[in-house]
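Reading through the structure tokens given below for one structure.
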Amino acid sequence: MPVTELRVSNYRSIKDLTLPLKRANIITGPNGCGKSNLYQSMALVRAAALGELAKALSDEGGIPSVLWAGAGKAGPVRIHLGVSVDEFDYDLEIGLPQVAGHSAFGADPQIKSEVVSIRENNKKILILDRGKHSCSVRNSSGEKETYRLALYDGESALSQIVDSKRFPILDDVRRKLRKWRFYHGFRSDLHSPLRYPQPGIRTFVMAADGLDVAAALQTIIENGDDHGLQNAVSDAFPGAVLGTSSPGGGFEITLKIPGMLRPLRAKELSDGQLRYLCLVAALMSPTPAPLIALNEPETSLHEDLLSPLARLCALTASQTQLWITTHSQKFATELSELISVTPIALEKVDGETVRAGRDRRIYYSVENP
């Protein structure tokens, strides 16, 4: 179920944006142009479905830190996040709370409006309609009913109304959004936990921080495409064979390099080797995701690893929708040629993220791989 459209307003450098999406999407541009803001806006939609919106916004400094503050601001400003995923639309408006009297939580988000709708026969049917003082939901019989239980206004109704039998469509929307995966970066310093044995279980989806990368790779070896995994490793490090060891019950990456008498342990790998293996684990999960978003995956990678990474992303794009932001022109060019994608270059004009050399509406079209 690919995402067909992203809608963002009043979020950081994004004043007003409607972005059509295809199976593969590559965003390029200089530092500070707003690439990561677009990435994070997608991540916030998933956070809303998970019931983690307040924390995600708090991690960014709270609502006052993420609201659009540029020219044209007049009156109350609300962040608008919206996505279209095949047959359904989800839209969320978030603003500052209206707290009577003094409160230490004045920077908490408050949901001002939330709508879930499905499209049938060129008509929109409301499934969830949440306003300031009420919330209605369409039940399994197709009837609208007022939701009587109290909802915390700092989190989405989508995450709080959990009843698959009574509200099956709402449950389906929530499940689809929760399956999205986001990978922003992996610690590769000498003291990174990724370099040491970690307790692990069979791991079909690697964590966002890559802490369980060894267990995730071993799961691919046993339950996924081991042949494809080894090909991806050998493509990047010719002749190398990936494995894991379990000293003391933990899981640790090993990499057998031609000419070396023993496999390298995780603590002996270069930053680029370790980060590339994390990307392999993310992209080759035995449980494909409907959407995988990578923010600057080329970070700390040697230029020689960009072509293997592009080939790995191209293979993943055959079964998973990709969203990739990158500074690397080489990586963007090679990936675009492999999967027939036209990348978009962004820039910032008067504090607003815009398409480089074009108008202020960011859009682009790509072909399905």
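Chains: A, B, ... in order of the structure tokens. Residues: from 1 per chain. Ligands: from 1, in order shown.
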Exercise. Give me the residues within 12 Å of Asp304 (chain A) as an MDAnalysis selection string, counting only C-alpha atoms and dropping any in the same chain fewer than 5 places off.
Key: chainID A and resid 235:238 272:273 276 298 309:310 330:331
Practice problem: Pick out each residue of region 235-325 of chain A that DSSP on the backbone tags as strand (DSSP E or B); I need them as an MDAnalysis selection string. | Solution: chainID A and resid 241:245 251:256 264:265 291:295 321:325
Output N, CA and C atoms for every residue in the selection just made, as a tab-separated table (two decimals), in the first residue's frame.
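Writing done, so here's result-v2.tsv:
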chain	number	residue	atom	x	y	z
A	241	VAL	N	32.53	-12.59	3.67
A	241	VAL	CA	31.40	-13.43	4.09
A	241	VAL	C	30.94	-12.95	5.46
A	242	LEU	N	29.66	-12.63	5.55
A	242	LEU	CA	29.09	-12.15	6.80
A	242	LEU	C	28.66	-13.30	7.68
A	243	GLY	N	28.85	-13.14	8.98
A	243	GLY	CA	28.37	-14.12	9.94
A	243	GLY	C	28.09	-13.42	11.25
A	244	THR	N	27.69	-14.20	12.23
A	244	THR	CA	27.54	-13.68	13.58
A	244	THR	C	28.10	-14.71	14.55
A	245	SER	N	28.48	-14.25	15.71
A	245	SER	CA	28.88	-15.15	16.79
A	245	SER	C	28.01	-14.81	17.99
A	251	PHE	N	24.74	-11.52	20.65
A	251	PHE	CA	24.96	-11.61	19.21
A	251	PHE	C	25.96	-10.54	18.79
A	252	GLU	N	26.90	-10.93	17.93
A	252	GLU	CA	27.92	-10.00	17.46
A	252	GLU	C	28.20	-10.26	15.99
A	253	ILE	N	28.35	-9.18	15.21
A	253	ILE	CA	28.67	-9.30	13.79
A	253	ILE	C	30.09	-9.82	13.62
A	254	THR	N	30.29	-10.70	12.62
A	254	THR	CA	31.64	-11.08	12.18
A	254	THR	C	31.71	-10.93	10.67
A	255	LEU	N	32.90	-10.61	10.17
A	255	LEU	CA	33.07	-10.41	8.73
A	255	LEU	C	34.38	-11.06	8.31
A	256	LYS	N	34.28	-12.12	7.52
A	256	LYS	CA	35.46	-12.84	7.04
A	256	LYS	C	35.95	-12.16	5.76
A	264	LEU	N	36.83	-10.67	11.19
A	264	LEU	CA	36.85	-9.43	11.97
A	264	LEU	C	35.63	-9.39	12.88
A	265	ARG	N	35.83	-8.92	14.10
A	265	ARG	CA	34.70	-8.72	15.02
A	265	ARG	C	34.15	-7.31	14.81
A	291	LEU	N	6.73	0.92	3.62
A	291	LEU	CA	7.54	2.11	3.39
A	291	LEU	C	8.80	2.04	4.24
A	292	ILE	N	9.96	2.28	3.63
A	292	ILE	CA	11.21	2.45	4.35
A	292	ILE	C	11.78	3.81	4.00
A	293	ALA	N	12.06	4.62	5.03
A	293	ALA	CA	12.63	5.95	4.83
A	293	ALA	C	14.05	5.97	5.39
A	294	LEU	N	14.99	6.41	4.57
A	294	LEU	CA	16.39	6.52	4.96
A	294	LEU	C	16.80	7.98	4.87
A	295	ASN	N	17.32	8.51	5.96
A	295	ASN	CA	17.78	9.90	5.97
A	295	ASN	C	19.30	9.93	5.89
A	321	GLN	N	8.12	0.65	-0.87
A	321	GLN	CA	8.23	2.04	-1.25
A	321	GLN	C	9.41	2.67	-0.51
A	322	LEU	N	10.22	3.43	-1.22
A	322	LEU	CA	11.40	4.05	-0.63
A	322	LEU	C	11.27	5.56	-0.58
A	323	TRP	N	11.76	6.13	0.51
A	323	TRP	CA	11.93	7.57	0.67
A	323	TRP	C	13.37	7.77	1.10
A	324	ILE	N	14.17	8.46	0.30
A	324	ILE	CA	15.60	8.62	0.60
A	324	ILE	C	15.99	10.09	0.45
A	325	THR	N	16.57	10.63	1.51
A	325	THR	CA	17.19	11.95	1.42
A	325	THR	C	18.70	11.75	1.38
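Using only C-alpha atoms, the contacts of Ser140 (chain A) at a cut-off of 8 Å, with sequence neighbours closer than 4 positions omitted, comprise Lys165, Arg166, Phe167, Pro168 and Ile169 of chain A.
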Practice problem: Could you tell me, as an NGL selection string, which residues of region 158-234 of chain A DSSP assigns to helix (DSSP H, G or I) when given the backbone? | Solution: :A and (158-160 or 168-178 or 193-195 or 213-223 or 226-234)
Exercise. Tell me, as an MDAnalysis selection string, which residues lie within 10 Å of Ser36 (chain A), counting only C-alpha atoms; anything in the same chain fewer than 5 positions away does not count.
Key: chainID A and resid 27 31 41:42 184 295:296 324:326
With C-alpha atoms retained, could you export that selection as a short mmCIF file (atom, residue, chain, number, x, y, z; two decimals), in the first residue's frame?
data_model
loop_
_atom_site.label_atom_id
_atom_site.label_comp_id
_atom_site.auth_asym_id
_atom_site.auth_seq_id
_atom_site.Cartn_x
_atom_site.Cartn_y
_atom_site.Cartn_z
CA ILE A 27 15.26 14.13 -2.17
CA ASN A 31 22.53 21.27 4.22
CA SER A 41 7.13 15.06 8.90
CA MET A 42 6.57 11.54 7.58
CA HIS A 184 18.10 8.17 10.47
CA ASN A 295 17.78 9.90 5.97
CA GLU A 296 21.25 10.48 4.50
CA ILE A 324 15.60 8.62 0.60
CA THR A 325 17.19 11.95 1.42
CA THR A 326 20.82 12.35 0.42
#
Quiz item: Near Ser136 (chain A), within 6 Å and counting only C-alpha atoms, which residues show up once chain neighbours fewer than 4 positions away are dropped, as a PyMOL selection string?
Solution: chain A and resi 128-129+145-147
Only all heavy atoms, please: the residues just picked out, written as an mmCIF file, in the first residue's frame.
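Output (part30.cif):
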data_model
loop_
_atom_site.group_PDB
_atom_site.id
_atom_site.type_symbol
_atom_site.label_atom_id
_atom_site.label_comp_id
_atom_site.auth_asym_id
_atom_site.auth_seq_id
_atom_site.Cartn_x
_atom_site.Cartn_y
_atom_site.Cartn_z
ATOM 1 N N LEU A 128 -13.310 8.816 10.692
ATOM 2 C CA LEU A 128 -13.024 9.458 11.975
ATOM 3 C C LEU A 128 -13.079 10.959 11.758
ATOM 4 O O LEU A 128 -12.485 11.478 10.816
ATOM 5 C CB LEU A 128 -11.637 9.054 12.492
ATOM 6 C CG LEU A 128 -11.089 9.826 13.690
ATOM 7 C CD1 LEU A 128 -11.828 9.416 14.964
ATOM 8 C CD2 LEU A 128 -9.595 9.606 13.859
ATOM 9 N N ASP A 129 -13.788 11.663 12.626
ATOM 10 C CA ASP A 129 -13.870 13.115 12.544
ATOM 11 C C ASP A 129 -13.766 13.661 13.964
ATOM 12 O O ASP A 129 -14.722 13.626 14.734
ATOM 13 C CB ASP A 129 -15.176 13.548 11.887
ATOM 14 C CG ASP A 129 -15.218 15.047 11.612
ATOM 15 O OD1 ASP A 129 -14.190 15.715 11.836
ATOM 16 O OD2 ASP A 129 -16.272 15.542 11.171
ATOM 17 N N GLU A 145 -21.000 7.118 14.958
ATOM 18 C CA GLU A 145 -21.381 7.215 16.361
ATOM 19 C C GLU A 145 -20.402 8.126 17.089
ATOM 20 O O GLU A 145 -19.237 8.241 16.720
ATOM 21 C CB GLU A 145 -21.419 5.834 17.031
ATOM 22 C CG GLU A 145 -20.085 5.100 17.055
ATOM 23 C CD GLU A 145 -20.180 3.789 17.836
ATOM 24 O OE1 GLU A 145 -20.632 2.784 17.252
ATOM 25 O OE2 GLU A 145 -19.789 3.792 19.012
ATOM 26 N N THR A 146 -20.900 8.797 18.104
ATOM 27 C CA THR A 146 -20.053 9.661 18.912
ATOM 28 C C THR A 146 -19.241 8.813 19.878
ATOM 29 O O THR A 146 -19.800 7.957 20.574
ATOM 30 C CB THR A 146 -20.897 10.672 19.701
ATOM 31 O OG1 THR A 146 -21.641 11.482 18.782
ATOM 32 C CG2 THR A 146 -20.012 11.573 20.558
ATOM 33 N N TYR A 147 -17.934 9.047 19.885
ATOM 34 C CA TYR A 147 -17.070 8.299 20.795
ATOM 35 C C TYR A 147 -17.157 8.948 22.170
ATOM 36 O O TYR A 147 -16.826 10.126 22.341
ATOM 37 C CB TYR A 147 -15.632 8.295 20.284
ATOM 38 C CG TYR A 147 -14.748 7.310 21.006
ATOM 39 C CD1 TYR A 147 -14.875 5.940 20.784
ATOM 40 C CD2 TYR A 147 -13.789 7.749 21.909
ATOM 41 C CE1 TYR A 147 -14.075 5.035 21.441
ATOM 42 C CE2 TYR A 147 -12.979 6.850 22.577
ATOM 43 C CZ TYR A 147 -13.120 5.487 22.338
ATOM 44 O OH TYR A 147 -12.329 4.589 23.007
#
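Our summary of the geometry notes that CA of Asp59 (chain A) is positioned 16.2 Å from CA of Ile79 (chain A).
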Exercise. Excluding Ile201 (chain A) and any residue of its chain fewer than 6 positions from it, enumerate the residues within 12 Å of it, using only C-alpha atoms, and give them as a PyMOL selection string.
Key: chain A and resi 212-219+246+249-251
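CA of Pro258 (chain A) lies 16.0 Å from CA of Ala232 (chain A).
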Practice problem: Show which residues sit within 8 Å of Phe88 (chain A), as a ChimeraX atom specification. Count only C-alpha atoms, and ignore same-chain residues fewer than 3 positions away. | Solution: /A:84-85,116-119,173
Could you write out that same residue set with C-alpha atoms as an mmCIF file, in the first residue's frame?
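Saved file selection_27.cif follows:
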data_model
loop_
_atom_site.group_PDB
_atom_site.id
_atom_site.type_symbol
_atom_site.label_atom_id
_atom_site.label_comp_id
_atom_site.auth_asym_id
_atom_site.auth_seq_id
_atom_site.Cartn_x
_atom_site.Cartn_y
_atom_site.Cartn_z
ATOM 1 C CA SER A 84 -2.953 9.556 1.219
ATOM 2 C CA VAL A 85 -2.322 5.814 1.174
ATOM 3 C CA VAL A 116 -9.647 9.707 8.508
ATOM 4 C CA SER A 117 -11.579 9.161 5.301
ATOM 5 C CA ILE A 118 -11.748 6.520 2.597
ATOM 6 C CA ARG A 119 -12.428 7.026 -1.086
ATOM 7 C CA VAL A 173 -5.443 2.471 8.912
#
